[in-house]
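This is start-v8.cif (mmCIF, C-alpha atoms).
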data_query
loop_
_atom_site.group_PDB
_atom_site.id
_atom_site.type_symbol
_atom_site.label_atom_id
_atom_site.label_comp_id
_atom_site.auth_asym_id
_atom_site.auth_seq_id
_atom_site.Cartn_x
_atom_site.Cartn_y
_atom_site.Cartn_z
ATOM 1 C CA ARG R 1 274.527 238.999 -45.470
ATOM 2 C CA VAL R 2 274.039 239.073 -41.724
ATOM 3 C CA ASN R 3 271.388 236.729 -40.390
ATOM 4 C CA PRO R 4 270.693 237.418 -36.690
ATOM 5 C CA GLN R 5 269.367 233.858 -36.283
ATOM 6 C CA LEU R 6 272.875 232.448 -36.775
ATOM 7 C CA SER R 7 275.509 232.313 -34.038
ATOM 8 C CA THR R 8 278.297 230.222 -35.619
ATOM 9 C CA LEU R 9 280.066 229.687 -38.945
ATOM 10 C CA GLN R 10 279.578 225.922 -38.830
ATOM 11 C CA ASP R 11 277.279 225.701 -41.857
ATOM 12 C CA ILE R 12 279.683 227.692 -44.017
ATOM 13 C CA THR R 13 282.671 225.488 -43.214
ATOM 14 C CA LEU R 14 280.957 222.568 -44.952
ATOM 15 C CA LYS R 15 281.566 224.239 -48.318
ATOM 16 C CA HIS R 16 284.831 225.831 -49.441
ATOM 17 C CA LEU R 17 284.009 227.091 -52.954
ATOM 18 C CA TYR R 18 281.122 229.369 -53.839
ATOM 19 C CA ARG R 19 280.509 229.987 -57.544
ATOM 20 C CA ALA R 20 277.695 232.180 -58.820
ATOM 21 C CA GLU R 21 275.534 231.091 -61.724
ATOM 22 C CA ASN R 22 276.789 231.843 -65.240
ATOM 23 C CA GLY R 23 274.830 234.203 -67.438
ATOM 24 C CA ALA R 24 273.176 232.986 -70.645
ATOM 25 C CA ASN R 25 274.031 233.898 -74.226
ATOM 26 C CA GLY R 26 272.103 236.534 -76.095
ATOM 27 C CA GLY R 27 270.203 235.812 -79.303
ATOM 28 C CA GLY R 28 268.917 237.302 -82.471
ATOM 29 C CA LYS R 29 266.436 240.149 -82.729
ATOM 30 C CA ASN R 30 268.348 242.165 -80.085
ATOM 31 C CA MET R 31 267.699 239.609 -77.352
ATOM 32 C CA HIS R 32 269.896 240.206 -74.318
ATOM 33 C CA GLY R 33 271.482 237.301 -72.473
ATOM 34 C CA LYS R 34 270.092 236.382 -69.066
ATOM 35 C CA ASN R 35 272.019 237.535 -66.007
ATOM 36 C CA GLY R 36 273.296 234.901 -63.591
ATOM 37 C CA LYS R 37 271.819 234.765 -60.098
ATOM 38 C CA ASP R 38 273.657 236.236 -57.133
ATOM 39 C CA ILE R 39 274.943 234.012 -54.339
ATOM 40 C CA ILE R 40 274.137 235.307 -50.874
ATOM 41 C CA ILE R 41 276.080 233.671 -48.048
ATOM 42 C CA LYS R 42 274.341 234.067 -44.708
ATOM 43 C CA ILE R 43 276.617 234.774 -41.759
ATOM 44 C CA PRO R 44 276.125 235.534 -38.047
ATOM 45 C CA PRO R 45 276.492 239.094 -36.718
ATOM 46 C CA GLY R 46 280.063 239.852 -35.707
ATOM 47 C CA THR R 47 281.662 238.214 -38.759
ATOM 48 C CA ILE R 48 284.843 239.773 -40.121
ATOM 49 C CA ILE R 49 285.670 239.282 -43.814
ATOM 50 C CA LYS R 50 289.388 239.203 -44.656
ATOM 51 C CA ASN R 51 291.424 238.847 -47.835
ATOM 52 C CA ALA R 52 293.036 235.440 -47.247
ATOM 53 C CA GLU R 53 296.261 236.397 -49.023
ATOM 54 C CA THR R 54 296.895 239.861 -47.576
ATOM 55 C CA GLU R 55 294.998 239.495 -44.241
ATOM 56 C CA GLN R 56 293.377 242.857 -45.008
ATOM 57 C CA VAL R 57 290.024 243.347 -43.288
ATOM 58 C CA LEU R 58 287.462 243.969 -46.009
ATOM 59 C CA LYS R 59 284.390 244.374 -43.832
ATOM 60 C CA ASP R 60 283.211 243.909 -40.262
ATOM 61 C CA LEU R 61 279.536 242.987 -40.395
ATOM 62 C CA THR R 62 277.622 243.581 -37.177
ATOM 63 C CA GLY R 63 274.211 245.010 -38.079
ATOM 64 C CA GLU R 64 271.074 242.995 -38.793
ATOM 65 C CA ASN R 65 270.766 242.270 -42.558
ATOM 66 C CA GLU R 66 273.969 244.221 -43.222
ATOM 67 C CA SER R 67 275.657 242.989 -46.401
ATOM 68 C CA TYR R 68 278.885 243.295 -48.367
ATOM 69 C CA VAL R 69 279.668 242.460 -52.007
ATOM 70 C CA VAL R 70 282.841 240.355 -51.941
ATOM 71 C CA VAL R 71 283.201 239.889 -55.719
ATOM 72 C CA LYS R 72 281.231 241.096 -58.711
ATOM 73 C CA GLY R 73 280.099 239.100 -61.678
ATOM 74 C CA GLY R 74 281.430 239.581 -65.185
ATOM 75 C CA ASN R 75 280.216 241.758 -68.028
ATOM 76 C CA GLY R 76 278.480 239.932 -70.845
ATOM 77 C CA GLY R 77 279.798 242.307 -73.475
ATOM 78 C CA PHE R 78 277.919 243.726 -76.441
ATOM 79 C CA GLY R 79 276.549 241.864 -79.421
ATOM 80 C CA ASN R 80 276.940 242.996 -83.015
ATOM 81 C CA ALA R 81 273.745 245.059 -82.867
ATOM 82 C CA ARG R 82 275.559 247.515 -80.602
ATOM 83 C CA PHE R 83 278.002 248.308 -83.426
ATOM 84 C CA LYS R 84 275.381 248.764 -86.120
ATOM 85 C CA THR R 85 275.650 252.027 -88.112
ATOM 86 C CA GLN R 86 273.961 253.533 -91.138
ATOM 87 C CA GLN R 87 276.928 252.504 -93.222
ATOM 88 C CA ASN R 88 277.223 249.006 -91.716
ATOM 89 C CA THR R 89 273.830 247.542 -90.937
ATOM 90 C CA ALA R 90 275.110 244.006 -90.347
ATOM 91 C CA PRO R 91 278.438 244.282 -88.495
ATOM 92 C CA LYS R 92 280.318 241.074 -87.768
ATOM 93 C CA ILE R 93 282.031 242.289 -84.630
ATOM 94 C CA ALA R 94 281.144 241.927 -80.964
ATOM 95 C CA ASN R 95 282.607 242.640 -77.546
ATOM 96 C CA ASP R 96 283.787 239.673 -75.475
ATOM 97 C CA GLY R 97 282.955 241.296 -72.157
ATOM 98 C CA GLN R 98 284.815 240.554 -68.923
ATOM 99 C CA LEU R 99 285.185 237.579 -66.625
ATOM 100 C CA GLY R 100 283.755 237.638 -63.119
ATOM 101 C CA GLU R 101 285.969 238.344 -60.119
ATOM 102 C CA TYR R 102 287.568 235.713 -57.902
ATOM 103 C CA LEU R 103 288.796 236.137 -54.346
ATOM 104 C CA LYS R 104 289.905 233.839 -51.555
ATOM 105 C CA ILE R 105 288.605 235.101 -48.223
ATOM 106 C CA GLU R 106 288.687 234.181 -44.559
ATOM 107 C CA LEU R 107 285.726 234.587 -42.231
ATOM 108 C CA GLU R 108 286.360 235.231 -38.555
ATOM 109 C CA LEU R 109 283.606 235.404 -35.983
ATOM 110 C CA LYS R 110 283.740 237.563 -32.890
ATOM 111 C CA VAL R 111 280.429 237.132 -31.140
ATOM 112 C CA LEU R 112 278.354 240.144 -30.168
ATOM 113 C CA ALA R 113 277.326 239.955 -26.531
ATOM 114 C CA ASP R 114 277.018 242.255 -23.530
ATOM 115 C CA VAL R 115 278.582 239.708 -21.183
ATOM 116 C CA GLY R 116 281.317 237.130 -21.673
ATOM 117 C CA LEU R 117 281.678 234.152 -19.313
ATOM 118 C CA VAL R 118 285.314 233.208 -18.707
ATOM 119 C CA GLY R 119 286.539 230.144 -16.843
ATOM 120 C CA PHE R 120 288.369 226.850 -16.966
ATOM 121 C CA PRO R 121 286.671 223.766 -18.445
ATOM 122 C CA ASN R 122 283.938 222.400 -16.164
ATOM 123 C CA ALA R 123 283.779 225.608 -14.117
ATOM 124 C CA GLY R 124 280.005 225.674 -14.511
ATOM 125 C CA LYS R 125 279.640 228.244 -17.312
ATOM 126 C CA SER R 126 277.257 226.213 -19.450
ATOM 127 C CA THR R 127 275.109 225.223 -16.478
ATOM 128 C CA PHE R 128 274.920 228.849 -15.345
ATOM 129 C CA ILE R 129 273.887 230.232 -18.748
ATOM 130 C CA SER R 130 271.316 227.448 -19.159
ATOM 131 C CA LYS R 131 269.719 228.419 -15.827
ATOM 132 C CA VAL R 132 269.572 232.180 -16.327
ATOM 133 C CA SER R 133 268.899 232.479 -20.069
ATOM 134 C CA ASN R 134 267.200 230.814 -23.030
ATOM 135 C CA ALA R 135 270.450 229.123 -24.125
ATOM 136 C CA LYS R 136 270.497 225.328 -24.280
ATOM 137 C CA PRO R 137 274.185 224.362 -24.373
ATOM 138 C CA LYS R 138 275.486 220.817 -24.228
ATOM 139 C CA ILE R 139 276.377 220.016 -20.612
ATOM 140 C CA ALA R 140 278.519 217.068 -19.516
ATOM 141 C CA ASP R 141 280.999 216.227 -16.779
ATOM 142 C CA TYR R 142 284.121 216.316 -18.931
ATOM 143 C CA PRO R 143 286.380 219.113 -20.222
ATOM 144 C CA PHE R 144 285.744 221.008 -23.467
ATOM 145 C CA THR R 145 282.073 220.088 -23.722
ATOM 146 C CA THR R 146 281.568 223.579 -25.181
ATOM 147 C CA LEU R 147 283.450 223.948 -28.468
ATOM 148 C CA VAL R 148 281.624 226.987 -29.853
ATOM 149 C CA PRO R 149 280.250 230.046 -28.024
ATOM 150 C CA ASN R 150 276.675 229.734 -26.780
ATOM 151 C CA LEU R 151 274.592 232.901 -26.779
ATOM 152 C CA GLY R 152 271.697 233.385 -24.401
ATOM 153 C CA ILE R 153 269.272 236.222 -23.701
ATOM 154 C CA VAL R 154 268.924 236.972 -19.996
ATOM 155 C CA LYS R 155 265.701 238.730 -19.010
ATOM 156 C CA TYR R 156 265.428 240.711 -15.798
ATOM 157 C CA GLY R 157 263.413 243.523 -14.265
ATOM 158 C CA ASN R 158 260.619 245.083 -16.286
ATOM 159 C CA TYR R 159 261.171 244.041 -19.896
ATOM 160 C CA ARG R 160 264.939 244.406 -19.685
ATOM 161 C CA SER R 161 267.448 241.958 -21.087
ATOM 162 C CA PHE R 162 271.070 241.461 -22.098
ATOM 163 C CA VAL R 163 272.995 238.970 -24.221
ATOM 164 C CA MET R 164 275.403 236.586 -22.514
ATOM 165 C CA ALA R 165 278.083 234.486 -24.237
ATOM 166 C CA ASP R 166 279.358 231.200 -22.825
ATOM 167 C CA ILE R 167 282.965 231.112 -24.060
ATOM 168 C CA PRO R 168 284.577 227.647 -24.386
ATOM 169 C CA GLY R 169 286.760 226.794 -21.390
ATOM 170 C CA LEU R 170 290.269 228.209 -21.181
ATOM 171 C CA ILE R 171 293.410 226.517 -19.910
ATOM 172 C CA GLU R 172 296.717 227.968 -18.809
ATOM 173 C CA GLY R 173 298.566 228.984 -21.959
ATOM 174 C CA ALA R 174 295.350 229.782 -23.841
ATOM 175 C CA SER R 175 296.781 233.113 -25.000
ATOM 176 C CA ASP R 176 299.537 231.125 -26.735
ATOM 177 C CA GLY R 177 296.986 228.954 -28.504
ATOM 178 C CA LYS R 178 296.859 225.980 -26.128
ATOM 179 C CA GLY R 179 293.498 224.236 -26.079
ATOM 180 C CA LEU R 180 292.359 226.375 -29.030
ATOM 181 C CA GLY R 181 292.616 229.288 -26.619
ATOM 182 C CA SER R 182 293.397 231.996 -29.162
ATOM 183 C CA GLN R 183 290.269 231.022 -31.114
ATOM 184 C CA PHE R 184 288.156 231.197 -27.959
ATOM 185 C CA LEU R 185 289.591 234.429 -26.574
ATOM 186 C CA ARG R 186 288.668 236.506 -29.613
ATOM 187 C CA HIS R 187 284.996 236.009 -28.776
ATOM 188 C CA ILE R 188 285.202 238.169 -25.649
ATOM 189 C CA GLU R 189 286.741 241.142 -27.451
ATOM 190 C CA ARG R 190 283.380 242.807 -28.109
ATOM 191 C CA THR R 191 281.792 242.132 -24.714
ATOM 192 C CA LYS R 192 281.092 245.009 -22.344
ATOM 193 C CA VAL R 193 281.402 243.008 -19.120
ATOM 194 C CA LEU R 194 283.499 239.979 -18.166
ATOM 195 C CA VAL R 195 282.295 237.400 -15.654
ATOM 196 C CA TYR R 196 284.892 234.994 -14.285
ATOM 197 C CA LEU R 197 283.645 231.636 -13.026
ATOM 198 C CA VAL R 198 285.803 229.628 -10.612
ATOM 199 C CA GLU R 199 284.848 226.469 -8.727
ATOM 200 C CA CYS R 200 284.799 226.965 -4.959
ATOM 201 C CA ILE R 201 285.660 223.278 -4.445
ATOM 202 C CA ASP R 202 289.146 223.992 -5.765
ATOM 203 C CA GLU R 203 291.545 225.025 -2.986
ATOM 204 C CA GLU R 204 293.369 227.442 -5.300
ATOM 205 C CA ILE R 205 290.534 229.877 -5.923
ATOM 206 C CA TYR R 206 292.708 232.978 -5.976
ATOM 207 C CA GLU R 207 295.418 231.336 -8.089
ATOM 208 C CA ASN R 208 292.858 230.189 -10.647
ATOM 209 C CA PHE R 209 291.345 233.656 -10.872
ATOM 210 C CA VAL R 210 294.791 235.203 -11.395
ATOM 211 C CA THR R 211 295.601 232.644 -14.102
ATOM 212 C CA LEU R 212 292.422 233.495 -16.001
ATOM 213 C CA LYS R 213 293.081 237.192 -15.664
ATOM 214 C CA ASN R 214 296.674 236.804 -16.871
ATOM 215 C CA GLU R 215 295.570 234.864 -19.953
ATOM 216 C CA LEU R 216 293.220 237.703 -20.881
ATOM 217 C CA LYS R 217 295.950 240.253 -20.260
ATOM 218 C CA ARG R 218 298.413 238.386 -22.462
ATOM 219 C CA HIS R 219 295.823 238.165 -25.228
ATOM 220 C CA ASN R 220 295.105 241.887 -24.985
ATOM 221 C CA PRO R 221 295.750 244.159 -21.968
ATOM 222 C CA GLU R 222 292.581 246.156 -22.658
ATOM 223 C CA LEU R 223 290.402 243.205 -21.708
ATOM 224 C CA ILE R 224 291.180 243.257 -17.995
ATOM 225 C CA LYS R 225 290.134 246.920 -17.834
ATOM 226 C CA ARG R 226 286.521 245.950 -18.529
ATOM 227 C CA PRO R 227 284.001 245.902 -15.671
ATOM 228 C CA SER R 228 284.080 242.411 -14.195
ATOM 229 C CA LEU R 229 282.583 240.088 -11.609
ATOM 230 C CA LEU R 230 283.692 236.800 -10.058
ATOM 231 C CA LEU R 231 281.161 234.016 -9.627
ATOM 232 C CA LEU R 232 282.194 231.248 -7.261
ATOM 233 C CA THR R 233 280.343 228.212 -8.550
ATOM 234 C CA LYS R 234 279.144 224.981 -6.928
ATOM 235 C CA THR R 235 278.891 226.564 -3.465
ATOM 236 C CA ASP R 236 276.278 223.950 -2.567
ATOM 237 C CA LEU R 237 279.142 221.441 -2.275
ATOM 238 C CA ILE R 238 281.171 223.201 0.421
ATOM 239 C CA PRO R 239 280.398 225.338 3.508
ATOM 240 C CA THR R 240 280.976 228.944 2.433
ATOM 241 C CA GLU R 241 282.541 229.839 5.802
ATOM 242 C CA LEU R 242 285.514 227.672 4.840
ATOM 243 C CA LEU R 243 286.312 229.848 1.839
ATOM 244 C CA GLU R 244 289.099 232.388 2.229
ATOM 245 C CA LEU R 245 287.973 235.253 0.035
ATOM 246 C CA GLU R 246 289.422 238.360 1.653
ATOM 247 C CA LYS R 247 292.383 238.575 -0.727
ATOM 248 C CA ILE R 248 290.383 238.179 -3.896
ATOM 249 C CA ALA R 249 287.540 240.435 -2.717
ATOM 250 C CA LYS R 250 289.961 243.378 -2.760
ATOM 251 C CA GLU R 251 290.304 243.017 -6.533
ATOM 252 C CA ILE R 252 286.850 242.107 -7.797
ATOM 253 C CA PRO R 253 283.220 241.847 -6.605
ATOM 254 C CA ILE R 254 282.233 238.280 -5.711
ATOM 255 C CA VAL R 255 278.927 236.430 -5.792
ATOM 256 C CA GLN R 256 278.758 232.859 -4.530
ATOM 257 C CA ILE R 257 276.309 230.779 -6.557
ATOM 258 C CA SER R 258 275.015 227.294 -7.173
ATOM 259 C CA SER R 259 273.393 226.829 -10.562
ATOM 260 C CA VAL R 260 272.055 223.437 -9.487
ATOM 261 C CA SER R 261 270.224 224.677 -6.385
ATOM 262 C CA GLY R 262 269.586 228.179 -7.737
ATOM 263 C CA GLN R 263 271.447 229.812 -4.837
ATOM 264 C CA ASN R 264 272.083 233.533 -5.440
ATOM 265 C CA LEU R 265 271.401 233.376 -9.198
ATOM 266 C CA ASN R 266 269.162 236.453 -8.998
ATOM 267 C CA ASP R 267 271.900 238.291 -7.095
ATOM 268 C CA ALA R 268 274.385 237.384 -9.831
ATOM 269 C CA ILE R 269 272.079 238.663 -12.596
ATOM 270 C CA GLN R 270 271.459 241.899 -10.704
ATOM 271 C CA ALA R 271 275.200 242.457 -10.216
ATOM 272 C CA ILE R 272 275.882 241.803 -13.907
ATOM 273 C CA ALA R 273 273.061 244.125 -14.991
ATOM 274 C CA GLU R 274 274.463 246.931 -12.836
ATOM 275 C CA LEU R 275 277.891 246.509 -14.434
ATOM 276 C CA ILE R 276 276.357 246.721 -17.913
ATOM 277 C CA GLN R 277 274.414 249.832 -16.983
ATOM 278 C CA SER R 278 277.618 251.438 -15.688
ATOM 279 C CA GLN R 279 279.056 251.294 -19.202
ATOM 280 C CA THR R 280 278.552 254.624 -20.938
ATOM 281 C CA HIS R 281 280.218 253.568 -24.205
ATOM 282 C CA ASP R 282 281.089 250.440 -26.141
ATOM 283 C CA PRO R 283 284.391 248.772 -25.253
ATOM 284 C CA GLU R 284 287.477 249.418 -27.321
ATOM 285 C CA ILE R 285 287.872 246.518 -29.739
ATOM 286 C CA PRO R 286 291.451 245.238 -29.883
ATOM 287 C CA ALA R 287 293.120 245.552 -33.262
ATOM 288 C CA ASP R 288 293.991 242.417 -35.215
#
Could you take the file, read its structure, and then write that structure out as structure tokens?
Amino acid sequence: RVNPQLSTLQDITLKHLYRAENGANGGGKNMHGKNGKDIIIKIPPGTIIKNAETEQVLKDLTGENESYVVVKGGNGGFGNARFKTQQNTAPKIANDGQLGEYLKIELELKVLADVGLVGFPNAGKSTFISKVSNAKPKIADYPFTTLVPNLGIVKYGNYRSFVMADIPGLIEGASDGKGLGSQFLRHIERTKVLVYLVECIDEEIYENFVTLKNELKRHNPELIKRPSLLLLTKTDLIPTELLELEKIAKEIPIVQISSVSGQNLNDAIQAIAELIQSQTHDPEIPAD
């Protein structure tokens, strides 16, 4: 069952076998046996349930409190009282019933967010989302600090808000699985808007942007068709007049920011909000 308070599958991975409670035996005087209790596994919105053997998608759970019955319990059968007749008032036969079902499943999470942050490790994604939303990600000066997506609610204007996802950092070759890239990339498949973050202190700004874009394209070409924005991060560390942005500005809108000093963060949020509002329908979700 979907629990909107959850954002990862971490708690579920601690246990690999879920077995519901057995029912109890019936008794004399037409006493029915007690039913076993259901097991309800709580999952975050955006969880896909698959048959582990066939890879068939059984259910895609996105709505709050939405649920799906993976397997059903057994049938306790009928006692001898069920077979009682006028001719045979004390039958010595009974029905054995049926065993409960068993199924091996896989759970895959694709986070539900309006905006996905895409960038290399240490590009400033976690710092940015911590400054503009209620998210509190782990932040440190070393690669792959973020190992799971962080979701944050960004509030702007008069009682408006959107959900932003900080996707773990990508590296070149992510679409081929390098650096757990294929696991990270799936989380942006449901986002309406993509925001690329590139450090301005790197001399290869354009090349880094193209690399990120190519990794998304290789994962699924539909992704690069989404409305997008480029945030140049850490602009407090270099004079902006030294940046050569003409080439990249022809491809994508740019906002230069510093999450540390707060420079242009409001401009970035406004630009992102306008991109979200320009979306008249949900994005096409790539097929598995």
Run the PyMOL selection byres ((chain R and resi 45) around 6) against the file shown and list the residues it catches, as a ChimeraX atom specification.
/R:2,44,46-47,62
I'd like to know which of R:Asp236, R:Ser161, R:Val118, R:Val154 is closest to Glu215 in chain R, using only C-alpha atoms.
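The closest residue to Glu215 in chain R is R:Val118.
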Around all of range 58-71 of chain R's listed atoms, make the axis-aligned box with 8 Å on each side and tell me centre and edge lengths in Å to one decimal, as lines of an AutoDock Vina configuration file.
center_x = 279.1
center_y = 242.4
center_z = -46.4
size_x = 32.7
size_y = 21.1
size_z = 34.5
Looking at all atoms listed in the file, which of R:Leu237, R:Met164, R:Val198, R:Ile269 is the one that sits closest to Asn122 in chain R?
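Closest candidate: R:Val198.
Minimum atom-to-atom distance to Ile188 in chain R, evaluated using only C-alpha atoms, belongs to R:Asp114 out of R:Asp114, R:Asp267, R:Glu246, R:Glu21.
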Residue nearest Ile201 in chain R among R:Pro253, R:Pro149, R:Pro91, R:Gly124 (counting only C-alpha atoms):
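The shortest atom-to-atom distance to Ile201 in chain R comes from R:Gly124.
Note that the spacing between CA of Ile12 in chain R and CA of Glu106 in chain R amounts to 11.1 Å.
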At what distance in Å, to one decimal, does CA of Lys217 in chain R lie from CA of Pro168 in chain R?
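Separating CA of Pro168 in chain R from CA of Lys217 in chain R is a distance of 17.5 Å.
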With only C-alpha atoms as the counted atoms, please give the residues lying no more than 12 Å from Leu99 in chain R, apart from itself and same-chain residues fewer than 6 positions off, as a list in words.
Asn22, Gly23, Val71, Lys72, Gly73, Gly74, Asn75, Gly76 and Gly77 of chain R
Next, dump the selected residues to file, keeping only C-alpha atoms, as a PDB file, in the frame of the given file.
ATOM      1  CA  ASN R  22     276.789 231.843 -65.240  1.00  0.00           C
ATOM      2  CA  GLY R  23     274.830 234.203 -67.438  1.00  0.00           C
ATOM      3  CA  VAL R  71     283.201 239.889 -55.719  1.00  0.00           C
ATOM      4  CA  LYS R  72     281.231 241.096 -58.711  1.00  0.00           C
ATOM      5  CA  GLY R  73     280.099 239.100 -61.678  1.00  0.00           C
ATOM      6  CA  GLY R  74     281.430 239.581 -65.185  1.00  0.00           C
ATOM      7  CA  ASN R  75     280.216 241.758 -68.028  1.00  0.00           C
ATOM      8  CA  GLY R  76     278.480 239.932 -70.845  1.00  0.00           C
ATOM      9  CA  GLY R  77     279.798 242.307 -73.475  1.00  0.00           C
TER      10      GLY R  77
END
Spatial neighbours of Asn208 in chain R, max dist 9 Å, all atoms listed in the file, sep filter under 4 positions, as a PDB file with C-alpha atoms, in the coordinates of the input:
ATOM      1  CA  GLY R 119     286.539 230.144 -16.843  1.00  0.00           C
ATOM      2  CA  PHE R 120     288.369 226.850 -16.966  1.00  0.00           C
ATOM      3  CA  VAL R 198     285.803 229.628 -10.612  1.00  0.00           C
ATOM      4  CA  ASP R 202     289.146 223.992  -5.765  1.00  0.00           C
ATOM      5  CA  GLU R 204     293.369 227.442  -5.300  1.00  0.00           C
ATOM      6  CA  LEU R 212     292.422 233.495 -16.001  1.00  0.00           C
ATOM      7  CA  LYS R 213     293.081 237.192 -15.664  1.00  0.00           C
TER       8      LYS R 213
END
Evaluating the PyMOL selection byres ((chain R and resi 222-232) around 6) on the displayed file yields which residues, as number ranges by chain?
R: 193-200, 220-221, 233, 253-257
Generate the output file for the selected residues, C-alpha atoms, as a PDB file, in the frame of the given file.
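Writing done, so here's result38.pdb:
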ATOM      1  CA  VAL R 193     281.402 243.008 -19.120  1.00  0.00           C
ATOM      2  CA  LEU R 194     283.499 239.979 -18.166  1.00  0.00           C
ATOM      3  CA  VAL R 195     282.295 237.400 -15.654  1.00  0.00           C
ATOM      4  CA  TYR R 196     284.892 234.994 -14.285  1.00  0.00           C
ATOM      5  CA  LEU R 197     283.645 231.636 -13.026  1.00  0.00           C
ATOM      6  CA  VAL R 198     285.803 229.628 -10.612  1.00  0.00           C
ATOM      7  CA  GLU R 199     284.848 226.469  -8.727  1.00  0.00           C
ATOM      8  CA  CYS R 200     284.799 226.965  -4.959  1.00  0.00           C
ATOM      9  CA  ASN R 220     295.105 241.887 -24.985  1.00  0.00           C
ATOM     10  CA  PRO R 221     295.750 244.159 -21.968  1.00  0.00           C
ATOM     11  CA  THR R 233     280.343 228.212  -8.550  1.00  0.00           C
ATOM     12  CA  PRO R 253     283.220 241.847  -6.605  1.00  0.00           C
ATOM     13  CA  ILE R 254     282.233 238.280  -5.711  1.00  0.00           C
ATOM     14  CA  VAL R 255     278.927 236.430  -5.792  1.00  0.00           C
ATOM     15  CA  GLN R 256     278.758 232.859  -4.530  1.00  0.00           C
ATOM     16  CA  ILE R 257     276.309 230.779  -6.557  1.00  0.00           C
TER      17      ILE R 257
END
Evaluate the PyMOL selection byres ((chain R and resi 38) around 9) against this structure - the residues, as a ChimeraX atom specification, please.
/R:20-21,36-37,39-40,73
note - CA of Gln270 in chain R and CA of Phe209 in chain R are separated by 21.5 Å
Counting all atoms listed in the file, the option among R:Leu265, R:Ile43, R:Leu275, R:Leu245 closest to Ile129 in chain R
R:Leu265
Closest of R:Thr191, R:Thr127, R:Lys155, R:Ala135 to Gly262 in chain R, counting only C-alpha atoms, is R:Thr127
At the level of N, CA and C atoms, write range 114-126 of chain R to a file as a JSON list (two decimals), in the first residue's frame, please.
[["chain", "number", "residue", "atom", "x", "y", "z"],
["R", 114, "ASP", "N", 7.91, 16.88, -9.93],
["R", 114, "ASP", "CA", 7.71, 17.79, -11.06],
["R", 114, "ASP", "C", 9.04, 18.10, -11.74],
["R", 115, "VAL", "N", 10.10, 18.16, -10.94],
["R", 115, "VAL", "CA", 11.40, 18.60, -11.44],
["R", 115, "VAL", "C", 12.48, 17.59, -11.04],
["R", 116, "GLY", "N", 13.35, 17.26, -11.99],
["R", 116, "GLY", "CA", 14.49, 16.41, -11.70],
["R", 116, "GLY", "C", 15.78, 17.17, -11.88],
["R", 117, "LEU", "N", 16.66, 17.13, -10.87],
["R", 117, "LEU", "CA", 17.97, 17.78, -10.95],
["R", 117, "LEU", "C", 18.99, 16.79, -11.49],
["R", 118, "VAL", "N", 19.68, 17.19, -12.55],
["R", 118, "VAL", "CA", 20.64, 16.30, -13.21],
["R", 118, "VAL", "C", 22.01, 16.97, -13.23],
["R", 119, "GLY", "N", 23.03, 16.24, -12.85],
["R", 119, "GLY", "CA", 24.38, 16.80, -12.87],
["R", 119, "GLY", "C", 25.41, 15.78, -12.45],
["R", 120, "PHE", "N", 26.67, 16.14, -12.62],
["R", 120, "PHE", "CA", 27.75, 15.27, -12.17],
["R", 120, "PHE", "C", 27.85, 15.33, -10.64],
["R", 121, "PRO", "N", 28.56, 14.37, -10.03],
["R", 121, "PRO", "CA", 28.77, 14.44, -8.58],
["R", 121, "PRO", "C", 29.43, 15.76, -8.19],
["R", 122, "ASN", "N", 28.99, 16.30, -7.08],
["R", 122, "ASN", "CA", 29.53, 17.56, -6.54],
["R", 122, "ASN", "C", 29.22, 18.78, -7.41],
["R", 123, "ALA", "N", 28.17, 18.70, -8.22],
["R", 123, "ALA", "CA", 27.79, 19.85, -9.04],
["R", 123, "ALA", "C", 26.99, 20.87, -8.25],
["R", 124, "GLY", "N", 26.58, 20.51, -7.04],
["R", 124, "GLY", "CA", 25.83, 21.45, -6.21],
["R", 124, "GLY", "C", 24.35, 21.17, -6.14],
["R", 125, "LYS", "N", 23.91, 19.97, -6.57],
["R", 125, "LYS", "CA", 22.48, 19.65, -6.57],
["R", 125, "LYS", "C", 21.91, 19.61, -5.15],
["R", 126, "SER", "N", 22.60, 18.90, -4.27],
["R", 126, "SER", "CA", 22.09, 18.76, -2.91],
["R", 126, "SER", "C", 22.06, 20.09, -2.17]]
